[in-house]
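S.K.: Dropping a structure here in structure tokens format, bear with me for questions.
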Amino acid sequence: MKLMWTTQMLLAVIGISAGIAVAGGLFAFLVELGVVADFADRTHTGDRILLYESCAAFGGIIGNIIYVFQISIPAGPWILGICGILAGIFAGCWAMALAEILNVFPVFLRRAGLIKYLTVFILSIALGKGLGACLFFFRGW
Amino acid sequence: MSSDGTTLYIRGNRAVEVTKSEVTLGDILSMECADRRVIPRVKALPVLKIRTPGRQRYVISILEIIACIHKNCPGIEVQNLGAADIIVTCENQKTPSKLWHIAKTVFVAAVTFFGAAFTIMAFNNDVDVTRLFGQIHELATGRAGSGFTVLEISYSAGLTVGILLFFNHFGKKRFTADPTPMEIQMRLYENDIQTTLAENASRRGDEIDVDNTDASGSDRD
């Protein structure tokens with residue numbers, strides 16, 4: 001009995017440490033990409049940055065609980081669709097912010113000498129990503 | 001001129017927002033001078049006249065401002081303690097409706113919430129946390145985990161603690177007096193935008209400056 005207790009304690013320590021480490025890493029990444037700061041700036045709602053931070057925190061906490069404990073949520077296709085759009089917007093901004101942080105665009109544009117057709121370039125990235133996602137889901141890859 | 005030889009200290013923020021079409025130096029600078037009579041006179045000097053209505057931006061070089069002061073009050077020595085370029089943004093007087101502001105806030109909050117939830121799920125899925133926990137559980141106890149063990153519970157608790165510690169606040173209650181990571185990120189982003197605006201204007205040559213010749217010869221773009 002005593003042995004089982006210590007094992008459980010060990011597991012708890014592992015779990016808590018893993019959780020804190022993952023939270024630190026993932027959310028540092030999220031903040032450093034500046035996606036939310038970008039949203040706040042674009043919509044001129046910088047005064048609500050604390051609210052957005054809380055939303056990111058609760059989204060992470062609740063999303064993790066739902067995933068880990070496989071909690072089923074009775075939601076119709078409508079709610080699913082809305083969640084999908086919101087998560088998609090976020091993932092799209094995330095992907096572009098990642099490319100931006102890594103200076104993908106300045107490097108390519110400078111190499112190719114492209115300045116004029118920047119909008120075409122950006123549009124084709126967006127369309128390509130959307131098309132790629134569609135293909136991925138339709139083919140069930 | 002009684003103000004001969006006195007020094008006027010000026011300090012401007014890098015980004016200023018104005019609502020009127022006649023911008024005076026007092027709107028964009030704060031100033032200090034030993035001779036008190038100088039300040040109101042300098043403050044009233046017009047520096048920029050915005051003709052077309054609507055939202056627009058001007059980048060004014062501090063040299064232009066100093067030249068303006070020299071022209072109108074000769075004999076004053078000007079010391080700049082602020083930014084070298086001042087970005088003046090002209091905003092329309094009407095503030096957008098409160099409802100629209102709330103709608104935008106709700107939208108961003110929703111995107112952030114679902115985005116963060118999606119992100120953590122995608123991460124857990126990517127590294128297959130469920131299987132990993134099963135393996136750790138088997139390693140420690142010799143039995144396969146049920147998917148609802150102390151490991152899953154403590155992981156969720158740890159994640160919660162980690163997120164709240166990282167963001168440094170719970171709702172409106174802050175744990176320390178430091179600004180939160182997103183507040184810092186916001187400021188950095190604003191700084192980047194201001195630098196870009198000022199440098200873009202100076203490269204294009206439409207900065208309001210004493211001589212508008214482009215000095216940066218190494219420009220390729």
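Each chain in the structure tokens gets a letter, A, B, ..., in the order shown, and its residues are numbered from 1; ligands are numbered from 1 in order too.
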So which residues of region 1-98 of chain B fall under alpha helix (DSSP H) by DSSP, listed as a list in words?
M.R.: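 Across region 1-98 of chain B, those assigned alpha helix (DSSP H) are Leu25, Gly26, Asp27, Ile28, Val38, Ile39, Pro40, Arg41, Val42, Lys43, Ile62, Leu63, Glu64, Ile65, Ile66, Ala67, Cys68, Ile69, His70, Lys71, Asn72 and Lys98 of chain B.
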S.K.: Using only C-alpha atoms, find which residues of chain A lie within 7 Å of chain B and jot them down as a PyMOL selection string.
M.R.: chain A and resi 7-8+11-12+15-20+22-24+31+34+36-37+39+43+45+49+52-65+67-69+83+86-87+90-91
S.K.: Kindly give the distance, in Å, that separates CA of Ala97 (chain A) and CA of Val35 (chain A), rounded to a single decimal.
M.R.: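 Rounded to one decimal, the two atoms are 6.6 Å apart.
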S.K.: Extract, using only C-alpha atoms, all DNA, RNA and protein residues at most 8 Å from region 8-25 of chain B, discarding same-chain residues fewer than 6 positions from it, and format them as a count of residues only.
M.R.: 34
S.K.: What does the distance from CA of Ile208 (chain B) to CA of Tyr58 (chain B) come to in Å, to one decimal?
M.R.: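 Taking CA of Ile208 (chain B) and CA of Tyr58 (chain B), their separation equals 7.5 Å.
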S.K.: Just the residues within 12 Å of Phe121 (chain A), please, counting only C-alpha atoms, with nothing from its chain fewer than 5 positions along; format it as an MDAnalysis selection string.
M.R.: chainID A and resid 105 108:109 112 114:116 126:128
S.K.: Restricted to N, CA and C atoms, what would the selected residues look like written as a PDB file, in the first residue's frame?
M.R.:
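Final output, saved to part.pdb:
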ATOM      1  N   PHE A 105       9.503  36.163 -45.563  1.00  0.00           N
ATOM      2  CA  PHE A 105       9.097  37.097 -46.631  1.00  0.00           C
ATOM      3  C   PHE A 105      10.204  38.060 -47.027  1.00  0.00           C
ATOM      4  N   PHE A 108      12.833  36.193 -49.177  1.00  0.00           N
ATOM      5  CA  PHE A 108      12.391  35.838 -50.522  1.00  0.00           C
ATOM      6  C   PHE A 108      12.177  37.066 -51.395  1.00  0.00           C
ATOM      7  N   LEU A 109      11.537  38.078 -50.809  1.00  0.00           N
ATOM      8  CA  LEU A 109      11.226  39.265 -51.600  1.00  0.00           C
ATOM      9  C   LEU A 109      12.506  39.964 -52.033  1.00  0.00           C
ATOM     10  N   ALA A 112      14.158  37.788 -54.774  1.00  0.00           N
ATOM     11  CA  ALA A 112      13.441  37.802 -56.047  1.00  0.00           C
ATOM     12  C   ALA A 112      13.264  39.215 -56.584  1.00  0.00           C
ATOM     13  N   LEU A 114      11.113  41.310 -55.616  1.00  0.00           N
ATOM     14  CA  LEU A 114       9.675  41.563 -55.720  1.00  0.00           C
ATOM     15  C   LEU A 114       9.284  42.667 -54.754  1.00  0.00           C
ATOM     16  N   ILE A 115       8.660  43.698 -55.252  1.00  0.00           N
ATOM     17  CA  ILE A 115       8.082  44.662 -54.329  1.00  0.00           C
ATOM     18  C   ILE A 115       6.682  44.990 -54.775  1.00  0.00           C
ATOM     19  N   LYS A 116       6.533  45.121 -56.098  1.00  0.00           N
ATOM     20  CA  LYS A 116       5.278  45.582 -56.652  1.00  0.00           C
ATOM     21  C   LYS A 116       4.133  44.610 -56.404  1.00  0.00           C
ATOM     22  N   ALA A 126      -2.260  32.781 -49.085  1.00  0.00           N
ATOM     23  CA  ALA A 126      -3.516  32.500 -48.388  1.00  0.00           C
ATOM     24  C   ALA A 126      -4.319  31.446 -49.139  1.00  0.00           C
ATOM     25  N   LEU A 127      -4.459  31.627 -50.464  1.00  0.00           N
ATOM     26  CA  LEU A 127      -5.228  30.669 -51.253  1.00  0.00           C
ATOM     27  C   LEU A 127      -4.570  29.290 -51.224  1.00  0.00           C
ATOM     28  N   GLY A 128      -3.256  29.277 -51.341  1.00  0.00           N
ATOM     29  CA  GLY A 128      -2.527  28.010 -51.317  1.00  0.00           C
ATOM     30  C   GLY A 128      -2.735  27.271 -50.014  1.00  0.00           C
TER      31      GLY A 128
END
S.K.: So how many Å separate CA of Thr52 (chain B) and CA of Glu207 (chain B), to one decimal?
M.R.: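 One can read the CA of Thr52 (chain B) to CA of Glu207 (chain B) distance as 17.4 Å.
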S.K.: Could you pull out the residues in region 13-204 of chain B that DSSP calls strand (DSSP E) from the backbone, as a VMD selection string?
M.R.: chain B and resid 15 to 18 22 to 24 29 to 33 46 to 49 56 to 61 77 to 80 85 to 90 169 to 170 173 to 174
